[in-house]
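Engineer: For reference, this is work24.cif, and it has mmCIF, C-alpha atoms and all ligand atoms.
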```cif
data_work
loop_
_atom_site.label_atom_id
_atom_site.label_comp_id
_atom_site.auth_asym_id
_atom_site.auth_seq_id
_atom_site.Cartn_x
_atom_site.Cartn_y
_atom_site.Cartn_z
CA MET A 1 173.96 40.86 49.02
CA MET A 2 173.33 43.06 52.06
CA ILE A 3 175.24 41.23 54.75
CA HIS A 4 176.86 44.08 56.58
CA GLY A 5 173.96 45.50 58.58
CA HIS A 6 174.04 42.67 61.12
CA GLY A 7 176.05 42.87 64.29
CA GLY A 8 177.82 40.56 66.64
CA ASN A 9 180.05 38.50 64.41
CA ILE A 10 181.16 35.74 66.78
CA PHE A 11 183.64 34.32 64.26
CA ALA A 12 185.47 37.65 63.92
CA ALA A 13 185.46 38.09 67.71
CA ALA A 14 186.92 34.60 68.21
CA THR A 15 189.66 35.29 65.66
CA ALA A 16 190.50 38.58 67.40
CA LEU A 17 190.72 36.85 70.79
CA GLY A 18 192.54 33.81 69.43
CA CYS A 19 189.94 31.43 70.82
CA ALA A 20 187.21 29.16 69.45
CA PRO A 21 183.73 30.67 68.79
CA GLU A 22 182.36 28.20 71.37
CA ASP A 23 184.48 29.91 74.05
CA ILE A 24 182.54 33.14 73.61
CA THR A 25 179.01 33.64 74.92
CA ASP A 26 177.02 35.32 72.19
CA MET A 27 174.80 37.94 73.78
CA SER A 28 174.32 39.60 70.41
CA ALA A 29 171.99 37.04 68.83
CA ASN A 30 168.32 37.23 69.83
CA ILE A 31 167.30 33.62 70.08
CA ASN A 32 165.44 31.70 72.77
CA PRO A 33 167.89 31.20 75.66
CA LEU A 34 166.08 27.99 76.64
CA GLY A 35 166.93 26.46 73.27
CA PRO A 36 164.70 24.51 70.88
CA MET A 37 161.55 22.81 72.19
CA PRO A 38 162.06 19.35 73.71
CA GLY A 39 162.35 16.56 71.15
CA LEU A 40 162.84 18.77 68.10
CA LEU A 41 166.54 18.18 67.47
CA HIS A 42 166.18 14.47 68.16
CA HIS A 43 163.34 14.30 65.65
CA LEU A 44 165.44 16.07 63.01
CA ALA A 45 168.40 13.77 63.66
CA GLU A 46 166.13 10.72 63.30
CA ASN A 47 164.80 12.06 60.01
CA ILE A 48 168.10 13.19 58.51
CA HIS A 49 167.60 10.78 55.58
CA GLY A 50 164.90 13.24 54.40
CA VAL A 51 167.67 15.40 52.95
CA CYS A 52 168.26 12.71 50.29
CA ARG A 53 164.91 13.61 48.68
CA LEU A 54 163.54 16.84 47.32
CA PRO A 55 161.15 18.38 49.82
CA GLU A 56 157.68 19.61 48.88
CA VAL A 57 158.30 22.35 46.34
CA ASP A 58 156.27 25.10 48.04
CA ALA A 59 156.38 23.68 51.59
CA GLY A 60 152.59 23.68 51.41
CA GLN A 61 152.10 21.15 54.22
CA ALA A 62 154.42 23.06 56.51
CA ALA A 63 152.60 26.31 55.72
CA ALA A 64 149.21 24.71 56.44
CA ALA A 65 150.55 23.17 59.68
CA PHE A 66 151.84 26.57 60.83
CA ALA A 67 148.56 28.26 59.87
CA ASP A 68 146.61 25.73 61.97
CA PHE A 69 149.09 26.05 64.84
CA GLU A 70 148.63 29.82 64.88
CA ASP A 71 144.94 29.72 64.06
CA MET A 72 145.48 31.66 60.84
CA ASP A 73 143.67 31.32 57.53
CA ARG A 74 145.57 28.66 55.54
CA SER A 75 144.96 30.39 52.21
CA GLY A 76 147.06 33.38 53.21
CA VAL A 77 150.04 31.63 54.81
CA ILE A 78 153.25 31.00 52.84
CA ALA A 79 156.46 29.35 54.08
CA GLY A 80 159.87 30.72 53.20
CA ALA A 81 163.56 30.50 54.04
CA GLY A 82 163.14 32.66 57.12
CA THR A 83 161.29 35.95 57.18
CA THR A 84 164.37 37.26 55.36
CA GLU A 85 163.21 35.67 52.11
CA PHE A 86 159.94 37.63 52.28
CA LEU A 87 161.62 40.89 53.21
CA TYR A 88 163.69 40.73 50.05
CA LEU A 89 160.91 39.63 47.69
CA LEU A 90 158.05 41.76 49.03
CA PRO A 91 159.13 45.02 47.39
CA ARG A 92 158.79 43.32 43.98
CA ALA A 93 155.80 41.11 44.81
CA ALA A 94 153.76 43.90 46.38
CA ASN A 95 154.87 46.36 43.70
CA ILE A 96 156.27 48.84 46.22
CA SER A 97 157.92 51.94 44.81
CA ALA A 98 157.93 54.24 47.86
CA ALA A 99 158.15 53.06 51.46
CA VAL A 100 158.51 54.26 55.03
CA VAL A 101 160.56 52.32 57.57
CA VAL A 102 159.67 52.86 61.22
CA GLY A 103 163.04 53.17 62.92
CA PRO A 104 165.33 52.75 64.62
CA THR A 105 164.93 49.16 63.57
CA TYR A 106 166.27 46.01 61.99
CA ALA A 107 168.50 47.00 59.07
CA ASP A 108 167.15 44.50 56.55
CA TYR A 109 163.96 46.44 55.78
CA ALA A 110 165.95 49.34 54.35
CA ASP A 111 168.50 46.98 52.81
CA ALA A 112 165.78 44.95 51.08
CA LEU A 113 164.14 48.13 49.78
CA ALA A 114 167.48 49.51 48.57
CA ILE A 115 168.47 46.31 46.79
CA ASN A 116 165.12 46.42 44.98
CA GLY A 117 165.66 50.06 44.02
CA VAL A 118 162.77 51.29 46.19
CA LYS A 119 162.78 54.88 47.43
CA HIS A 120 162.37 54.87 51.21
CA GLU A 121 162.39 57.19 54.16
CA PHE A 122 162.70 56.61 57.88
CA PHE A 123 160.07 57.59 60.40
CA MET A 124 162.02 57.76 63.64
CA ARG A 125 160.82 57.15 67.17
CA HIS A 126 162.94 58.76 69.85
CA ASP A 127 164.48 57.69 73.13
CA SER A 128 162.96 60.77 74.78
CA GLN A 129 159.53 59.14 74.19
CA GLY A 130 160.74 55.64 75.12
CA PHE A 131 160.75 54.82 71.39
CA SER A 132 156.94 54.79 71.29
CA ILE A 133 155.03 55.53 68.09
CA ASP A 134 153.09 58.76 67.70
CA PRO A 135 150.29 57.50 65.41
CA ASP A 136 149.29 60.93 64.09
CA ARG A 137 152.85 61.77 63.16
CA LEU A 138 153.24 58.38 61.45
CA LYS A 139 149.95 58.76 59.56
CA THR A 140 151.19 62.06 58.14
CA ALA A 141 154.65 60.68 57.32
CA ALA A 142 153.25 57.60 55.59
CA LYS A 143 150.62 59.37 53.51
CA GLY A 144 151.15 58.40 49.88
CA ALA A 145 153.67 55.64 50.66
CA ASP A 146 153.01 52.21 49.10
CA ALA A 147 154.28 50.46 52.21
CA VAL A 148 155.24 50.90 55.84
CA PHE A 149 157.73 48.46 57.41
CA LEU A 150 157.29 48.03 61.15
CA CYS A 151 158.71 45.54 63.64
CA ASN A 152 156.69 44.53 66.73
CA PRO A 153 158.18 44.08 69.31
CA ASN A 154 160.86 46.18 67.75
CA ASN A 155 164.46 45.15 67.31
CA PRO A 156 166.64 46.66 68.80
CA THR A 157 164.53 48.86 71.09
CA GLY A 158 162.53 45.93 72.52
CA GLY A 159 159.13 47.56 73.07
CA TYR A 160 155.78 46.16 71.98
CA THR A 161 153.32 48.51 70.26
CA ASP A 162 149.68 47.95 71.07
CA THR A 163 147.77 46.03 68.39
CA ASP A 164 144.84 48.45 68.49
CA LEU A 165 147.11 51.37 67.65
CA LEU A 166 148.55 49.44 64.67
CA THR A 167 145.10 48.32 63.52
CA ASP A 168 143.89 51.94 63.54
CA LEU A 169 146.94 53.00 61.56
CA ALA A 170 146.38 50.35 58.90
CA ARG A 171 142.70 51.31 58.66
CA ALA A 172 143.56 55.00 58.36
CA LEU A 173 145.86 54.35 55.36
CA PRO A 174 144.01 51.71 53.30
CA ASP A 175 146.16 52.24 50.19
CA THR A 176 149.38 51.52 52.07
CA VAL A 177 150.59 47.96 52.70
CA PHE A 178 151.74 47.52 56.29
CA VAL A 179 154.52 44.95 56.53
CA MET A 180 154.45 43.90 60.17
CA ASP A 181 157.44 41.90 61.25
CA GLU A 182 156.20 39.89 64.24
CA SER A 183 159.33 37.76 64.57
CA TYR A 184 159.50 38.55 68.31
CA LEU A 185 155.75 38.59 69.02
CA PRO A 186 155.67 35.00 70.40
CA PHE A 187 157.76 36.31 73.31
CA VAL A 188 154.87 38.59 74.36
CA SER A 189 152.16 37.12 76.63
CA GLY A 190 148.86 36.64 74.85
CA HIS A 191 150.59 36.97 71.49
CA GLY A 192 147.87 34.90 69.79
CA GLU A 193 145.27 37.67 70.01
CA LYS A 194 147.90 40.34 69.49
CA SER A 195 148.95 39.26 66.01
CA LEU A 196 147.74 41.52 63.24
CA ALA A 197 147.27 38.36 61.18
CA HIS A 198 143.96 37.98 63.05
CA ALA A 199 142.78 41.52 62.40
CA ASP A 200 141.50 40.63 58.92
CA LEU A 201 142.91 43.78 57.34
CA PRO A 202 143.21 43.86 53.53
CA ASN A 203 146.45 45.89 53.61
CA VAL A 204 148.48 44.02 56.25
CA VAL A 205 151.22 41.46 55.62
CA VAL A 206 152.52 39.71 58.74
CA LEU A 207 155.94 38.08 58.95
CA ARG A 208 156.68 35.38 61.50
CA SER A 209 160.02 33.73 62.14
CA LEU A 210 160.68 30.35 63.71
CA SER A 211 164.35 31.27 64.19
CA LYS A 212 163.79 33.20 67.41
CA MET A 213 161.26 31.38 69.61
CA TYR A 214 162.26 27.92 68.36
CA CYS A 215 165.98 28.65 68.39
CA ILE A 216 166.53 27.29 64.89
CA PRO A 217 168.08 30.21 62.96
CA GLY A 218 170.29 27.76 61.08
CA LEU A 219 167.30 25.92 59.60
CA ARG A 220 165.99 29.05 57.87
CA VAL A 221 162.24 28.94 58.13
CA GLY A 222 159.66 31.67 58.50
CA PHE A 223 156.20 32.62 57.30
CA CYS A 224 154.25 35.33 55.64
CA ALA A 225 150.51 35.79 56.27
CA ALA A 226 148.82 38.03 53.72
CA PRO A 227 145.34 38.77 52.40
CA LYS A 228 144.35 36.10 49.87
CA GLY A 229 144.99 38.01 46.60
CA LEU A 230 148.33 39.40 47.69
CA ALA A 231 149.31 35.99 49.12
CA GLN A 232 148.91 34.48 45.67
CA THR A 233 151.12 37.16 44.11
CA ILE A 234 153.76 36.60 46.81
CA ARG A 235 153.61 32.83 46.17
CA ASN A 236 154.30 33.48 42.50
CA HIS A 237 157.50 35.29 43.48
CA CYS A 238 158.83 32.50 45.72
CA PRO A 239 161.60 30.33 44.30
CA PRO A 240 160.96 26.58 44.34
CA TRP A 241 162.28 24.51 47.28
CA SER A 242 163.38 27.48 49.31
CA VAL A 243 162.31 25.72 52.52
CA ASN A 244 164.61 22.73 52.95
CA ALA A 245 163.55 19.23 54.00
CA GLN A 246 164.71 19.56 57.62
CA ALA A 247 163.01 22.92 58.02
CA GLN A 248 159.73 21.49 56.72
CA GLN A 249 160.08 18.55 59.13
CA ALA A 250 160.66 20.96 62.01
CA VAL A 251 157.48 22.93 61.33
CA ILE A 252 155.37 19.79 61.07
CA PHE A 253 156.89 18.44 64.30
CA ILE A 254 156.11 21.67 66.16
CA ALA A 255 152.53 21.70 64.91
CA GLN A 256 152.01 18.02 65.70
CA ASN A 257 153.30 18.53 69.23
CA GLN A 258 151.25 21.60 69.96
CA ASP A 259 151.01 20.98 73.73
CA THR A 260 154.76 20.60 74.20
CA ALA A 261 155.38 23.59 71.93
CA GLY A 262 152.84 25.71 73.83
CA LYS A 263 154.44 24.78 77.18
CA HIS A 264 157.90 25.59 75.86
CA GLU A 265 156.69 28.98 74.66
CA GLU A 266 155.02 29.72 78.00
CA LYS A 267 158.09 28.66 79.97
CA THR A 268 160.23 30.89 77.73
CA ARG A 269 157.99 33.93 78.24
CA GLN A 270 158.08 33.49 82.01
CA TYR A 271 161.84 32.95 82.03
CA LEU A 272 162.46 36.06 79.97
CA LYS A 273 160.17 38.14 82.14
CA ASP A 274 162.03 37.01 85.28
CA GLN A 275 165.47 37.51 83.79
CA ARG A 276 164.67 40.93 82.36
CA ALA A 277 163.56 41.90 85.87
CA VAL A 278 166.84 40.58 87.34
CA ILE A 279 168.86 42.66 84.88
CA HIS A 280 166.72 45.76 85.48
CA ARG A 281 167.17 45.39 89.25
CA ARG A 282 170.95 45.06 88.99
CA LEU A 283 171.21 48.07 86.72
CA ALA A 284 168.70 50.28 88.55
CA GLY A 285 170.26 53.53 89.72
CA VAL A 286 173.57 52.97 87.97
CA PRO A 287 174.76 56.47 87.03
CA GLY A 288 174.84 57.39 83.36
CA LEU A 289 172.99 54.30 82.20
CA ARG A 290 169.48 53.98 80.84
CA VAL A 291 167.86 50.57 80.49
CA HIS A 292 165.00 50.54 78.01
CA ASP A 293 161.91 48.44 78.68
CA SER A 294 161.65 45.30 76.59
CA ASP A 295 159.08 42.64 75.78
CA ALA A 296 161.56 40.51 73.87
CA THR A 297 164.69 38.37 74.25
CA PHE A 298 166.98 41.38 74.46
CA ILE A 299 167.40 44.73 76.21
CA LEU A 300 168.61 48.02 74.76
CA LEU A 301 170.93 50.09 76.93
CA GLN A 302 172.01 53.68 76.55
CA ALA A 303 175.16 55.11 78.09
CA ARG A 304 176.04 58.70 78.92
CA HIS A 305 179.76 58.58 79.74
CA PHE A 306 181.06 55.87 77.43
CA THR A 307 180.47 54.34 74.03
CA ALA A 308 179.06 50.99 73.03
CA ALA A 309 182.45 50.14 71.52
CA ASP A 310 184.13 50.80 74.91
CA VAL A 311 181.80 48.54 76.87
CA ALA A 312 181.76 45.89 74.15
CA GLY A 313 185.56 45.74 74.33
CA ARG A 314 185.46 45.35 78.13
CA MET A 315 182.81 42.61 77.89
CA LEU A 316 184.77 40.76 75.23
CA GLU A 317 187.73 40.54 77.61
CA HIS A 318 185.31 38.44 79.67
CA ARG A 319 184.28 36.49 76.57
CA LEU A 320 180.84 38.07 76.31
CA LEU A 321 179.86 39.36 72.88
CA ILE A 322 177.29 42.15 72.92
CA ARG A 323 175.72 44.13 70.10
CA ASN A 324 177.09 47.60 69.46
CA CYS A 325 174.01 49.40 68.07
CA GLU A 326 175.72 52.41 66.54
CA ASN A 327 175.06 51.15 63.00
CA PHE A 328 171.28 51.19 63.53
CA LYS A 329 170.03 54.28 61.74
CA GLY A 330 168.48 56.56 64.39
CA LEU A 331 170.74 55.33 67.21
CA ASP A 332 174.30 56.39 67.92
CA SER A 333 177.51 55.20 69.53
CA ARG A 334 175.96 55.24 73.04
CA PHE A 335 173.51 52.39 72.40
CA PHE A 336 174.13 48.70 72.89
CA ARG A 337 171.97 45.60 73.18
CA ILE A 338 172.32 42.47 75.25
CA SER A 339 170.28 39.35 74.74
CA ILE A 340 169.07 37.26 77.66
CA LYS A 341 171.07 34.09 78.35
CA ASP A 342 171.33 31.70 81.31
CA PRO A 343 170.93 33.28 84.79
CA ASP A 344 174.67 33.29 85.63
CA THR A 345 175.59 34.96 82.36
CA ASN A 346 172.83 37.56 82.76
CA VAL A 347 174.08 38.49 86.24
CA LYS A 348 177.71 38.52 85.10
CA ALA A 349 176.87 40.77 82.14
CA ALA A 350 174.73 43.15 84.21
CA ASP A 351 177.43 43.44 86.89
CA LEU A 352 180.17 44.06 84.35
CA ILE A 353 178.09 46.78 82.69
CA ALA A 354 177.19 48.33 86.06
CA GLY A 355 180.84 48.28 87.18
CA TYR A 356 182.01 49.84 83.94
CA ALA A 357 179.30 52.53 84.00
CA ARG A 358 180.18 53.47 87.62
CA GLU A 359 183.89 53.63 86.77
CA ARG A 360 183.24 55.91 83.82
CA ALA A 361 180.75 58.08 85.71
CA GLN A 362 183.40 58.66 88.39
CA THR A 363 186.01 59.62 85.81
CA ALA A 364 183.50 61.95 84.14
CA GLY A 365 182.69 63.48 87.56
CA ARG A 366 186.39 64.08 88.30
CA GLU A 367 186.95 65.62 84.89
CA ASN A 368 184.01 67.98 85.40
CA ALA A 369 184.99 68.91 88.97
C1 LIG B 1 163.35 41.82 63.45
C2 LIG B 1 163.91 40.67 62.69
N1 LIG B 1 163.24 40.23 61.63
C3 LIG B 1 163.71 39.20 60.90
C4 LIG B 1 164.89 38.58 61.23
C5 LIG B 1 165.38 37.46 60.37
O1 LIG B 1 164.78 36.30 60.80
P1 LIG B 1 164.73 34.96 59.97
O2 LIG B 1 165.72 34.04 60.57
O3 LIG B 1 163.31 34.48 60.11
O4 LIG B 1 165.06 35.28 58.55
C6 LIG B 1 165.63 39.02 62.33
C7 LIG B 1 166.90 38.39 62.69
O5 LIG B 1 167.66 38.83 63.51
C8 LIG B 1 165.11 40.09 63.09
O6 LIG B 1 165.74 40.55 64.17
#
```
For this file, write the structure as structure tokens.
Ligand SMILES: Cc1ncc(COP(=O)(O)O)c(C=O)c1O
Structural biologist:
Amino acid sequence: MMIHGHGGNIFAAATALGCAPEDITDMSANINPLGPMPGLLHHLAENIHGVCRLPEVDAGQAAAAFADFEDMDRSGVIAGAGTTEFLYLLPRAANISAAVVVGPTYADYADALAINGVKHEFFMRHDSQGFSIDPDRLKTAAKGADAVFLCNPNNPTGGYTDTDLLTDLARALPDTVFVMDESYLPFVSGHGEKSLAHADLPNVVVLRSLSKMYCIPGLRVGFCAAPKGLAQTIRNHCPPWSVNAQAQQAVIFIAQNQDTAGKHEEKTRQYLKDQRAVIHRRLAGVPGLRVHDSDATFILLQARHFTAADVAGRMLEHRLLIRNCENFKGLDSRFFRISIKDPDTNVKAADLIAGYARERAQTAGRENA
């Protein structure tokens, strides 16, 4: 099992500090800082007896509810144990034998391909171009590949790639399946029209997670939206009962309370926009520090005079766990990621980072004098 590509292990950090995991603020996990939508946890608690029965074997009702909620074609939507389940079964289901991963990105695409014995290469975007995609370069790199794995907005760089650019790419390479991980797309304003699931492309598979926006990573539920024929093949590869009873309940609750869910999403988007701006303002002009633009729940930072491990150690002294991004292929030891939390924590984290960067820039200046 590929469990080593993930960062921010709060349990290990707590053991190292000799404290409880609850005493550490986890700024390494990218979930909605406002928490689950109102009423959801209460509903699950009230329906806990549901775990005494087998849930629907293919979570068909939950899949249909999600499809309606997102205005997607029901026949192409499948529910799974998080998007992770689809990442690991897609190489087999879609018969992929050569793939391109658009990096630097979430490690599980390459891990899932490797575990399935699929040959894969990375197409890297670079910090010098703000991690944007050069479509012509990607078209050339992906020629002949069975699949391209792409995350939008991308983890860990944070940027959103325009839907039109991605649509053109998918059209230009009709024999290549584009696996679009849209786990963070609900954090982008107007995400409904931006999803490639609405583009009606025969070679696009969209993945959507409920873990992030709905702050329920422990429930394990996500979706795959694929063209009809491929959707049926993917369904045939899904194990029975992979979406548990509580997870199915959660999806149906969200869909039945569409207004509340929509308001929660909107409030989250506004909150994140405001808080990202606060962090950007506090870090503006700090020497030796670059703050990358983000449309998601997290921000990627790049240091000149210190490493991610250095700053992570300093932050942990203040019980803040951040994500050292050096194990993302295509990044290096200077990159780290913080996820947005409550306003006080965001300010505290930004000020600690700014203070540390200034300190190290001064030392570097003295050493170079
Ligand atoms: C880009 C991306 N895709 C997928 C996942 C996994 O999500 P899920 O909980 O739906 O399996 C993560 C989790 O961090 C992620 O960052």
Engineer: Would you give me, as a Markdown table, each residue of chain A having an atom within 8 Å of an atom of ligand LIG 1 (chain B), along with its shortest atom pair and that distance in Å to one decimal, using all atoms listed in the file and sorting by chain and residue number?
Structural biologist:
```
| residue | atom | partner | partner_atom | distance |
| --- | --- | --- | --- | --- |
| A:His6 | CA | B:LIG1 | O5 | 7.8 |
| A:Ala29 | CA | B:LIG1 | O5 | 7.1 |
| A:Asn30 | CA | B:LIG1 | O5 | 6.6 |
| A:Ala81 | CA | B:LIG1 | O4 | 6.7 |
| A:Gly82 | CA | B:LIG1 | O3 | 3.5 |
| A:Thr83 | CA | B:LIG1 | O3 | 3.9 |
| A:Thr84 | CA | B:LIG1 | O4 | 3.8 |
| A:Glu85 | CA | B:LIG1 | O4 | 6.7 |
| A:Thr105 | CA | B:LIG1 | C1 | 7.5 |
| A:Tyr106 | CA | B:LIG1 | C1 | 5.3 |
| A:Asp108 | CA | B:LIG1 | C3 | 7.7 |
| A:Cys151 | CA | B:LIG1 | C1 | 6.0 |
| A:Asn152 | CA | B:LIG1 | C1 | 7.9 |
| A:Asn154 | CA | B:LIG1 | C1 | 6.6 |
| A:Asn155 | CA | B:LIG1 | C1 | 5.2 |
| A:Pro156 | CA | B:LIG1 | O6 | 7.7 |
| A:Asp181 | CA | B:LIG1 | N1 | 6.0 |
| A:Glu182 | CA | B:LIG1 | C1 | 7.4 |
| A:Ser183 | CA | B:LIG1 | N1 | 5.5 |
| A:Tyr184 | CA | B:LIG1 | C1 | 7.0 |
| A:Arg208 | CA | B:LIG1 | O3 | 6.8 |
| A:Ser209 | CA | B:LIG1 | O3 | 3.9 |
| A:Leu210 | CA | B:LIG1 | O3 | 6.1 |
| A:Ser211 | CA | B:LIG1 | O2 | 4.8 |
| A:Lys212 | CA | B:LIG1 | O2 | 7.2 |
| A:Pro217 | CA | B:LIG1 | O2 | 5.1 |
| A:Gly218 | CA | B:LIG1 | O2 | 7.8 |
| A:Arg220 | CA | B:LIG1 | O2 | 5.7 |
| A:Val221 | CA | B:LIG1 | O3 | 6.0 |
| A:Gly222 | CA | B:LIG1 | O3 | 4.9 |
| A:Phe223 | CA | B:LIG1 | O3 | 7.9 |
```
Engineer: Which is closest to Arg125 (chain A) among A:Pro174, A:Gly262, A:Gly355, A:Gly330, if we use all atoms listed in the file?
Structural biologist: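 Among A:Pro174, A:Gly262, A:Gly355, A:Gly330, it is A:Gly330 that comes nearest to Arg125 (chain A).
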Engineer: Contacts of Ala79 (chain A) at 8 Å or less, counting all atoms listed in the file, minus same-chain residues fewer than 6 places along, as JSON, numbers by chain?
Structural biologist: {"A": [58, 59, 60, 62, 63, 221, 222, 223, 224, 243]}
Engineer: Using the selection just defined, write its residues with C-alpha atoms as a PDB file, in the frame of the given file.
Structural biologist:
```pdb
ATOM      1  CA  ASP A  58     156.270  25.100  48.040  1.00  0.00           C
ATOM      2  CA  ALA A  59     156.380  23.680  51.590  1.00  0.00           C
ATOM      3  CA  GLY A  60     152.590  23.680  51.410  1.00  0.00           C
ATOM      4  CA  ALA A  62     154.420  23.060  56.510  1.00  0.00           C
ATOM      5  CA  ALA A  63     152.600  26.310  55.720  1.00  0.00           C
ATOM      6  CA  VAL A 221     162.240  28.940  58.130  1.00  0.00           C
ATOM      7  CA  GLY A 222     159.660  31.670  58.500  1.00  0.00           C
ATOM      8  CA  PHE A 223     156.200  32.620  57.300  1.00  0.00           C
ATOM      9  CA  CYS A 224     154.250  35.330  55.640  1.00  0.00           C
ATOM     10  CA  VAL A 243     162.310  25.720  52.520  1.00  0.00           C
TER      11      VAL A 243
END
```
Engineer: For region 58-157 of chain A against region 272-293 of chain A, with a cut-off of 9 Å and counting all atoms listed in the file, what is the closest atom pair and its distance in Å to one decimal for every residue that makes the cut, ordered by chain and number, as a Markdown table?
Structural biologist:
```
| residue | atom | partner | partner_atom | distance |
| --- | --- | --- | --- | --- |
| A:Asp127 | CA | A:His292 | CA | 8.7 |
| A:Gly130 | CA | A:His292 | CA | 7.2 |
| A:Phe131 | CA | A:His292 | CA | 9.0 |
| A:Thr157 | CA | A:His292 | CA | 7.1 |
```
Engineer: Taking 4 positions as the minimum chain separation for residues in the same chain, which residues sit within 7 Å of Phe306 (chain A) when counting only C-alpha atoms? Answer as number ranges by chain.
Structural biologist: A: 310, 334, 360
Engineer: Just the number, please: distance in Å from CA of Leu41 (chain A) to CA of Asn244 (chain A), one decimal.
Structural biologist: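 Distance reported for this atom pair: 15.3 Å.
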Engineer: From the list A:Gly365, A:Asn327, A:Ala98, A:Leu54, which residue is nearest Ala308 (chain A) when using all atoms listed in the file?
Structural biologist: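 Of A:Gly365, A:Asn327, A:Ala98, A:Leu54, the one nearest Ala308 (chain A), counting all atoms listed in the file, is A:Asn327.
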Engineer: My list of candidates is A:Gln232, A:Met27, A:Asn368, A:Ala94. Which is closest to Ala350 (chain A) when distances are computed with only C-alpha atoms?
Structural biologist: A:Met27
Engineer: Taking only C-alpha atoms into account, which of A:Phe178, A:Ala110, A:Thr297, A:Asn257 comes nearest Phe328 (chain A)?
Structural biologist: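 Of the candidates, the smallest distance to Phe328 (chain A) is held by A:Ala110.
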Engineer: With a distance cut-off of 10 Å and only C-alpha atoms, select the neighbouring residues of Ala12 (chain A), excluding the residue or stretch itself and same-chain residues fewer than 5 positions from it, and output the selection as JSON, numbers by chain.
Structural biologist: {"A": [17, 18, 21]}
